[in-house]
Every structure is written in structure tokens, then in C-alpha cells.
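Structure file run.txt with compact mmCIF, C-alpha atoms:
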```txt
# COMPACT_ATOMS: atom_id res chain seq x y z
CA MET A 14 0.00 0.00 0.00
CA GLN A 15 1.49 3.37 -1.04
CA PHE A 16 0.95 6.66 0.77
CA SER A 17 4.25 8.51 0.34
CA PHE A 18 4.04 11.94 -1.24
CA ASP A 19 0.25 12.16 -1.87
CA THR A 20 -0.57 11.24 1.72
CA ILE A 21 1.92 13.76 3.08
CA VAL A 22 0.47 16.50 0.91
CA ASN A 23 -3.09 15.62 1.92
CA ARG A 24 -2.19 15.50 5.61
CA LYS A 25 -0.50 18.88 5.37
CA SER A 26 -3.43 20.27 3.40
CA PHE A 27 -5.97 19.18 5.98
CA LYS A 28 -3.87 20.55 8.82
CA SER A 29 -3.42 23.82 6.95
CA LEU A 30 -7.14 24.02 6.28
CA ALA A 31 -7.95 23.52 9.97
CA VAL A 32 -5.43 26.15 11.03
CA ALA A 33 -6.66 28.56 8.37
CA LEU A 34 -10.30 28.15 9.37
CA ILE A 35 -9.59 28.61 13.07
CA ALA A 36 -7.34 31.58 12.35
CA SER A 37 -9.99 33.16 10.14
CA PHE A 38 -12.49 33.15 13.01
CA SER A 39 -9.92 34.71 15.35
CA ILE A 40 -8.86 37.37 12.85
CA SER A 41 -12.49 38.24 12.15
CA SER A 42 -13.19 38.95 15.81
CA ILE A 43 -9.99 41.00 16.17
CA ALA A 44 -10.73 43.05 13.06
CA ASN A 45 -14.06 44.07 14.53
CA ALA A 46 -12.61 45.32 17.81
CA SER A 47 -13.04 48.99 16.92
CA PRO A 48 -15.63 49.13 14.11
CA LEU A 49 -16.71 52.75 14.63
CA SER A 50 -13.22 53.95 13.65
CA ALA A 51 -14.24 53.89 9.99
CA SER A 52 -16.91 56.52 10.65
CA LEU A 53 -14.52 59.09 12.14
CA ASP A 54 -13.37 62.20 10.30
CA SER A 55 -10.73 64.60 11.60
CA ARG A 56 -11.92 68.13 12.28
CA GLY A 57 -8.47 69.59 11.72
CA SER A 58 -8.16 73.09 13.16
CA PHE A 59 -11.68 73.28 14.55
CA VAL A 60 -13.12 76.73 15.28
CA TYR A 61 -15.57 76.86 18.18
CA PRO A 62 -18.84 78.58 17.17
CA SER A 63 -18.92 80.84 20.25
CA GLY A 64 -15.22 81.14 20.90
CA ALA A 65 -13.20 79.19 23.46
CA PRO A 66 -15.59 77.03 25.57
CA ASN A 67 -14.08 78.24 28.81
CA ALA A 68 -14.75 81.83 27.81
CA SER A 69 -18.24 81.33 26.43
CA SER A 70 -19.67 78.86 28.96
CA TYR A 71 -22.72 79.94 30.96
CA ASP A 72 -21.71 77.29 33.50
CA GLY A 73 -18.40 79.00 34.25
CA PRO A 74 -14.78 78.37 33.28
CA GLY A 75 -14.41 75.54 35.79
CA PHE A 76 -16.38 73.06 33.67
CA ASP A 77 -13.79 72.07 31.09
CA THR A 78 -15.10 68.64 30.13
CA MET A 79 -12.29 67.48 27.82
CA THR A 80 -9.26 67.79 30.09
CA ALA A 81 -10.11 64.70 32.14
CA PHE A 82 -9.96 62.55 28.99
CA THR A 83 -6.58 63.79 27.74
CA PRO A 84 -4.58 60.82 29.13
CA PHE A 85 -6.72 58.36 27.15
CA THR A 86 -6.91 60.03 23.71
CA ASN A 87 -4.67 61.77 21.21
CA SER A 88 -6.81 64.94 21.57
CA ASN A 89 -7.62 64.99 17.85
CA LEU A 90 -11.14 66.39 17.53
CA LEU A 91 -13.35 64.22 15.32
CA GLN A 92 -16.73 64.14 13.62
CA VAL A 93 -18.73 60.89 13.65
CA SER A 94 -20.44 60.19 10.34
CA ASN A 95 -23.10 57.54 9.68
CA PHE A 96 -22.17 53.93 10.46
CA THR A 97 -23.46 50.39 10.03
CA GLY A 98 -23.31 47.30 12.20
CA GLN A 99 -20.69 44.58 11.97
CA THR A 100 -21.07 41.70 9.52
CA ASN A 101 -22.87 39.38 11.95
CA GLY A 102 -24.57 42.06 14.02
CA SER A 103 -23.47 44.44 16.76
CA ARG A 104 -24.42 45.66 20.20
CA LEU A 105 -24.44 49.47 20.32
CA GLU A 106 -24.11 50.92 23.82
CA ALA A 107 -24.25 54.49 25.15
CA PHE A 108 -23.08 55.51 28.63
CA LEU A 109 -24.07 58.86 30.16
CA LEU A 110 -21.08 60.24 32.06
CA SER A 111 -22.18 63.78 32.76
CA GLU A 112 -24.92 66.30 32.08
CA MET A 113 -24.42 69.97 32.89
CA ALA A 114 -27.63 71.22 31.33
CA CYS A 115 -30.95 72.84 32.01
CA PHE A 116 -32.54 70.02 29.99
CA ASP A 117 -31.32 67.33 32.37
CA GLY A 118 -34.84 66.11 33.09
CA SER A 119 -35.20 67.68 36.52
CA MET A 120 -38.06 69.78 35.13
CA ALA A 121 -41.10 68.17 33.56
CA ASN A 122 -41.05 68.06 29.74
CA TYR A 123 -37.47 69.32 29.50
CA SER A 124 -35.08 66.45 29.00
CA ASN A 125 -32.40 65.52 26.49
CA ASN A 126 -32.78 62.26 24.61
CA PHE A 127 -29.67 60.75 23.04
CA GLY A 128 -29.93 58.06 20.38
CA VAL A 129 -29.61 57.27 16.69
CA VAL A 130 -31.45 58.14 13.49
CA ASN A 131 -31.73 55.44 10.82
CA GLY A 132 -31.64 55.82 7.05
CA ALA A 133 -35.41 56.48 6.99
CA GLY A 134 -35.07 59.39 9.41
CA GLN A 135 -36.55 57.54 12.41
CA PHE A 136 -35.12 58.35 15.84
CA SER A 137 -34.45 55.57 18.38
CA SER A 138 -33.61 56.50 21.94
CA LEU A 139 -30.62 55.13 23.82
CA ILE A 140 -30.67 57.46 26.85
CA ASP A 141 -33.53 59.73 27.88
CA THR A 142 -32.10 61.89 30.65
CA LYS A 143 -35.45 62.27 32.38
CA ASN A 144 -35.15 60.57 35.77
CA VAL A 145 -31.68 59.15 35.10
CA ASP A 146 -28.31 59.95 36.61
CA PRO A 147 -24.73 59.69 35.33
CA LEU A 148 -23.57 56.17 34.44
CA ALA A 149 -26.98 55.35 32.98
CA VAL A 150 -26.61 53.02 29.99
CA GLY A 151 -28.74 52.33 26.94
CA ALA A 152 -28.23 49.70 24.25
CA LEU A 153 -29.70 48.30 21.04
CA ASP A 154 -28.72 45.63 18.53
CA GLN A 155 -27.66 46.69 15.04
CA THR A 156 -27.47 44.61 11.89
CA ALA A 157 -24.98 45.09 9.06
CA SER A 158 -27.69 46.83 7.01
CA ASP A 159 -28.75 49.28 9.75
CA ASP A 160 -27.32 52.67 8.79
CA PHE A 161 -27.30 54.95 11.84
CA THR A 162 -26.30 58.50 12.74
CA PHE A 163 -25.90 59.65 16.34
CA ALA A 164 -28.41 62.35 17.31
CA LEU A 165 -29.73 64.31 20.27
CA GLN A 166 -33.44 65.12 20.60
CA SER A 167 -33.32 68.33 22.63
CA PRO A 168 -36.26 70.58 23.57
CA GLU A 169 -34.65 72.98 21.08
CA GLY A 170 -34.55 70.53 18.17
CA LEU A 171 -32.92 67.44 16.71
CA PHE A 172 -29.14 67.71 16.49
CA TYR A 173 -26.86 65.29 14.65
CA SER A 174 -23.26 64.16 14.98
CA ILE A 175 -22.90 65.21 11.31
CA ASP A 176 -22.63 69.00 11.20
CA SER A 177 -24.21 69.40 7.76
CA LYS A 178 -27.48 67.91 9.02
CA ASN A 179 -28.00 70.55 11.71
CA SER A 180 -30.57 73.21 10.92
CA ASP A 181 -28.93 76.07 12.83
CA GLY A 182 -26.21 76.86 10.33
CA GLN A 183 -24.59 73.42 9.99
CA VAL A 184 -22.61 73.95 13.18
CA ALA A 185 -21.10 71.18 15.29
CA HIS A 186 -23.31 69.91 18.11
CA MET A 187 -21.15 66.87 18.88
CA LEU A 188 -17.39 66.86 19.17
CA ALA A 189 -15.75 63.46 19.43
CA LEU A 190 -12.54 61.98 20.79
CA GLN A 191 -11.51 58.35 20.32
CA VAL A 192 -10.03 56.42 23.22
CA ASP A 193 -6.67 54.85 22.37
CA LYS A 194 -5.74 53.51 25.82
CA ASP A 195 -7.76 51.57 28.40
CA GLY A 196 -8.13 53.25 31.76
CA THR A 197 -10.42 54.79 34.36
CA VAL A 198 -11.49 58.39 33.84
CA ASN A 199 -12.50 60.40 36.89
CA LEU A 200 -14.83 63.36 36.41
CA PRO A 201 -14.99 65.86 39.27
CA PHE A 202 -18.70 66.51 38.74
CA SER A 203 -21.81 64.66 37.62
CA ASN A 204 -24.63 67.02 36.61
CA VAL A 205 -26.58 70.09 37.74
CA ARG A 206 -28.54 67.95 40.23
CA GLY A 207 -25.44 66.99 42.17
CA THR A 208 -21.68 67.29 42.56
CA ASN A 209 -20.68 63.68 43.15
CA PRO A 210 -17.65 62.59 41.12
CA VAL A 211 -18.01 59.93 38.45
CA SER A 212 -15.55 57.16 37.51
CA PHE A 213 -15.84 55.14 34.30
CA ASN A 214 -13.71 52.42 32.73
CA LEU A 215 -12.81 53.41 29.18
CA LEU A 216 -11.83 50.84 26.54
CA SER A 217 -9.60 51.46 23.56
CA GLY A 218 -11.87 52.16 20.58
CA ASP A 219 -14.58 53.89 22.63
CA ILE A 220 -15.81 57.23 21.29
CA ILE A 221 -16.50 60.11 23.65
CA LEU A 222 -19.12 62.62 22.52
CA PHE A 223 -19.19 66.16 23.92
CA ILE A 224 -22.64 67.57 23.18
CA GLU A 225 -24.22 71.01 22.87
CA ASP A 226 -28.02 70.83 23.37
CA MET A 227 -29.05 74.35 22.24
CA ARG A 228 -29.30 76.11 18.90
CA LEU A 229 -26.63 78.59 17.87
CA SER A 230 -29.36 81.22 18.16
CA GLY A 231 -33.15 81.28 18.23
CA ASN A 232 -33.68 79.03 21.26
CA VAL A 233 -37.36 79.02 22.21
CA SER A 234 -37.51 77.56 25.73
CA SER A 235 -38.38 80.97 27.14
CA GLY A 236 -37.23 81.60 30.70
CA LEU A 237 -35.08 78.46 30.79
CA VAL A 238 -32.19 79.07 28.40
CA PRO A 239 -30.66 82.10 26.66
CA PHE A 240 -31.63 83.00 23.10
CA ALA A 241 -28.06 82.25 21.93
CA SER A 242 -26.12 79.16 23.00
CA ASP A 243 -22.70 79.11 24.65
CA PHE A 244 -21.43 76.06 22.69
CA ASP A 245 -19.27 74.92 25.59
CA TYR A 246 -19.87 71.24 24.74
CA ASN A 247 -20.39 70.21 28.36
CA ASP A 248 -24.18 69.78 28.26
CA MET A 249 -23.78 66.02 27.90
CA ILE A 250 -20.83 63.65 27.83
CA VAL A 251 -21.69 60.28 26.32
CA VAL A 252 -19.40 57.32 25.60
CA VAL A 253 -20.51 55.13 22.70
CA ARG A 254 -19.28 51.61 22.07
CA GLN A 255 -20.07 49.09 19.31
CA SER A 256 -19.09 45.46 19.79
CA ALA A 257 -19.76 42.17 18.04
CA LEU A 258 -22.75 40.20 19.29
CA ALA A 259 -21.74 37.19 21.36
CA SER A 260 -23.42 34.84 18.86
CA ALA A 261 -21.20 36.18 16.09
CA VAL A 262 -18.00 34.89 17.76
CA PRO A 263 -17.44 31.10 17.52
CA GLU A 264 -17.31 29.33 20.88
CA PRO A 265 -13.97 27.63 21.74
CA THR A 266 -15.79 24.26 21.85
CA SER A 267 -17.04 24.77 18.29
CA LEU A 268 -13.52 25.51 17.08
CA LEU A 269 -12.21 22.39 18.84
CA LEU A 270 -14.88 20.21 17.22
CA LEU A 271 -14.12 21.73 13.82
CA GLY A 272 -10.41 20.94 14.18
CA SER A 273 -11.10 17.43 15.45
CA ALA A 274 -13.41 16.67 12.53
CA ILE A 275 -10.87 17.76 9.97
CA PHE A 276 -7.98 15.84 11.56
CA GLY A 277 -10.24 12.82 11.97
CA LEU A 278 -11.06 12.88 8.27
CA ASN A 279 -7.35 12.94 7.54
CA ARG A 280 -6.76 9.83 9.66
CA LYS A 281 -9.51 7.96 7.79
CA ARG A 282 -7.82 8.78 4.49
CA LYS A 283 -4.53 7.44 5.82
CA ALA A 284 -6.12 4.19 7.07
CA ALA A 285 -7.57 3.56 3.64
```
Representation of the structure as C-alpha cells:
Amino acid sequence: MQFSFDTIVNRKSFKSLAVALIASFSISSIANASPLSASLDSRGSFVYPSGAPNASSYDGPGFDTMTAFTPFTNSNLLQVSNFTGQTNGSRLEAFLLSEMACFDGSMANYSNNFGVVNGAGQFSSLIDTKNVDPLAVGALDQTASDDFTFALQSPEGLFYSIDSKNSDGQVAHMLALQVDKDGTVNLPFSNVRGTNPVSFNLLSGDIILFIEDMRLSGNVSSGLVPFASDFDYNDMIVVVRQSALASAVPEPTSLLLLGSAIFGLNRKRKAA
């Protein structure tokens, strides 16, 4: 009975196939570690609509929201464009870290609602700040065909993460930073209802959104907010994270069975 060269080639081929298949599953999960990166555009030398936030802020110069995140990002201001889910589906999560705003939900009918708008223009809420505190989390599942844009439904209007969609002069209502190093961020304040500090574990690939909840001018919530906004980008701080659904990542047992089946088939060929 002769096996020589053909058998060696077949044995190597089956082993290579098993390794390739297992590696392909691993590479797929690694490649999807930071899927929102593809939707980020650099803002270059960004010009703040109302001047330096510390100078324009109605809340005072002490509420500089970005400084606390400096150790975890490269400080490159970004714009988040529309984005889809991962190939086998994604879990989209939003974490409310801070809200220094009149529309924090402490007054009836005046709350900010952060979420996404789909390709048909329908808004889906992730975090309604009415009756919630910092570290509140909202989540939804997203398929590969779901095309979303981040948005804020404020009492003053619907504002998008894409500047050109905003009706008050296409100004930026969401500035973004991307986290490039895991770590715990500590914020010295929470919101206008309290002063308790907030700690949150950031993961590399997270996107931090700094949100302005008022129009550049023409705000209509009489007696609550000024006619013109301060654009200090500390009204809300939200961390967004998109990760592969658990069902999309092969279980270790499944990979073991796959490898065993292939090597078992190779042994049968040799016995023949």
C-alpha cells in the first residue's frame, strides 16, 4: 500500500485548512474590535462657534469637560459620520457620564434624549435623561444593514453628529474623541442635580461625545435658556461603544470540534 508523497500532501493540506479556518475566526473577531473607527473624520483646526468654551460657557470656566480625557486620547477632535453594524450584528451601547444642562430632566417636559437616526429618518432612543443619573446606559442591537447617525433630541430641536445635518447653520453639536488607551477616567462633577464625582472604565476604541443641546441662536424655551447658545460642549458627555454580538463569535468548543473533525477525516484517508 502506497501513501508517500500524496498522503503527506493531503495531511499537510488538511492541517493547513484547519489552522486557516480557526485563524480566520480569530482574525475576524480581532478586526471588529473597533468598528466605529471607519466613521470618524478629523476636524483639523476646529473653530468653536462661540469662541473658546471656557470663555463662552454659561456654567463657568471651571467646567472644562475634555481635560479629564486627555490621558486616554490623542486629543484629535473628530466628527462621527453615519455607520453600520458589523457583519454578523453588533451591540451598540451608550453611557451617560455627565450632564451639565438645564434640559437634564429635573423639570417636567425638558429632557435631552440621546440616540440614533436610521436611514429612513426615524429616531431611536438610547438614553432619555429624564429621571436618570450619570452612568446610565442604553443599548440596542444593530445589523450590518442598519445605517445609523448619532443624534440628540433636545427641547430645542434634533441635532446630529454630522454638522451638515444641523438646521442652525450646519454647526457642530457633537465633538468626538476616540479612546486609544484603556483606563479609568475620573470626572470631578456629575450634573446640575449633584456634585458627586463619576468614575468610568474606558476601553480602547470607545468614542466620547461632547454635546451642545441648544441652537446657535433662536432658542425658544423661554425663561429656561438664553436666546443664543454658549457652545461649551459640556451639556452632555456620552461614551458610545459598538461590539460584536456574542453569537457572532465562535465558541472555543465549536472551534475544537471543527479541528477534530478535519484531523479525523485525515486519519480515515490514511487508514484507507
Query - Selection: 6 Å around segment 52-66 of chain A, all atoms listed in the file, excl. self and same-chain fewer than 3 positions, as a VMD selection string - result: chain A and resid 49 69 to 70 90 to 94 96 244 to 245
Create the file for the chosen residues now, containing C-alpha atoms and written as an mmCIF file, in the frame of the given file.
```cif
data_model
loop_
_atom_site.group_PDB
_atom_site.id
_atom_site.type_symbol
_atom_site.label_atom_id
_atom_site.label_comp_id
_atom_site.auth_asym_id
_atom_site.auth_seq_id
_atom_site.Cartn_x
_atom_site.Cartn_y
_atom_site.Cartn_z
ATOM 1 C CA LEU A 49 -16.710 52.750 14.630
ATOM 2 C CA SER A 69 -18.240 81.330 26.430
ATOM 3 C CA SER A 70 -19.670 78.860 28.960
ATOM 4 C CA LEU A 90 -11.140 66.390 17.530
ATOM 5 C CA LEU A 91 -13.350 64.220 15.320
ATOM 6 C CA GLN A 92 -16.730 64.140 13.620
ATOM 7 C CA VAL A 93 -18.730 60.890 13.650
ATOM 8 C CA SER A 94 -20.440 60.190 10.340
ATOM 9 C CA PHE A 96 -22.170 53.930 10.460
ATOM 10 C CA PHE A 244 -21.430 76.060 22.690
ATOM 11 C CA ASP A 245 -19.270 74.920 25.590
#
```
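Take atom CA of Gln166 of chain A and atom CA of Asn125 of chain A: the distance between them is 6.0 Å.
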Q.
With all atoms listed in the file as the counted atoms, please give the residues lying no more than 7 Å from segment 220-227 of chain A, apart from itself and same-chain residues fewer than 6 positions off, as an NGL selection string.
A. :A and (167 or 169 or 186-192 or 242 or 244-254)
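Counting all atoms listed in the file and comparing A:Asn87, A:Asn126, A:Asn199, A:Thr97, the residue that lies closest to Pro168 of chain A is A:Asn126.
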For Gly170 of chain A, the closest of A:Asn67, A:Ser234, A:Ser50, A:Asn101 counting only C-alpha atoms is A:Ser234
Give me the residues near Asn144 of chain A as a PDB file with C-alpha atoms, in the coordinates of the input, where near means some atom within 9 Å (using only C-alpha atoms) and where sequence neighbours in that chain fewer than 6 positions away do not count.
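So the final result, stored in part-v2.pdb, reads:
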```
ATOM      1  CA  ASP A 117     -31.320  67.330  32.370  1.00  0.00           C
ATOM      2  CA  GLY A 118     -34.840  66.110  33.090  1.00  0.00           C
ATOM      3  CA  SER A 119     -35.200  67.680  36.520  1.00  0.00           C
ATOM      4  CA  SER A 124     -35.080  66.450  29.000  1.00  0.00           C
TER       5      SER A 124
END
```
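Of the listed residues A:Leu148, A:Ala51, A:Ala259, A:Val130, the one whose atoms come nearest to Ser212 of chain A is A:Leu148, with distances taken using all atoms listed in the file.
For the choices A:Gly218, A:Gly128, A:Gly98, A:Pro84, the atom-to-atom distance to Tyr173 of chain A is smallest for A:Gly128 when using all atoms listed in the file.
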Judged by all atoms listed in the file, the minimum distance to Arg228 of chain A among A:Gly182, A:Pro147, A:Gly102, A:Gly134 is found for A:Gly182
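For the pair atom CA of Phe163 of chain A and atom CA of Leu200 of chain A, the interatomic distance is 23.2 Å.
Atom CA of Met120 of chain A is found 16.7 Å from atom CA of Pro239 of chain A.
If all atoms listed in the file are the atoms counted, then among A:Thr142, A:Asn131, A:Asp72, A:Gly231 the closest residue to Ser158 of chain A is A:Asn131.
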List the residues sitting within 6 Å of (-26.7, 50.5, 24.6) in the file's frame, using all atoms listed in the file, as a PyMOL selection string.
chain A and resi 105-107+150-153
For those residues, write C-alpha atoms to a file as an mmCIF file, keeping the file's coordinate frame.
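Generated output (part.cif):
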```
data_model
loop_
_atom_site.group_PDB
_atom_site.id
_atom_site.type_symbol
_atom_site.label_atom_id
_atom_site.label_comp_id
_atom_site.auth_asym_id
_atom_site.auth_seq_id
_atom_site.Cartn_x
_atom_site.Cartn_y
_atom_site.Cartn_z
ATOM 1 C CA LEU A 105 -24.440 49.470 20.320
ATOM 2 C CA GLU A 106 -24.110 50.920 23.820
ATOM 3 C CA ALA A 107 -24.250 54.490 25.150
ATOM 4 C CA VAL A 150 -26.610 53.020 29.990
ATOM 5 C CA GLY A 151 -28.740 52.330 26.940
ATOM 6 C CA ALA A 152 -28.230 49.700 24.250
ATOM 7 C CA LEU A 153 -29.700 48.300 21.040
#
```
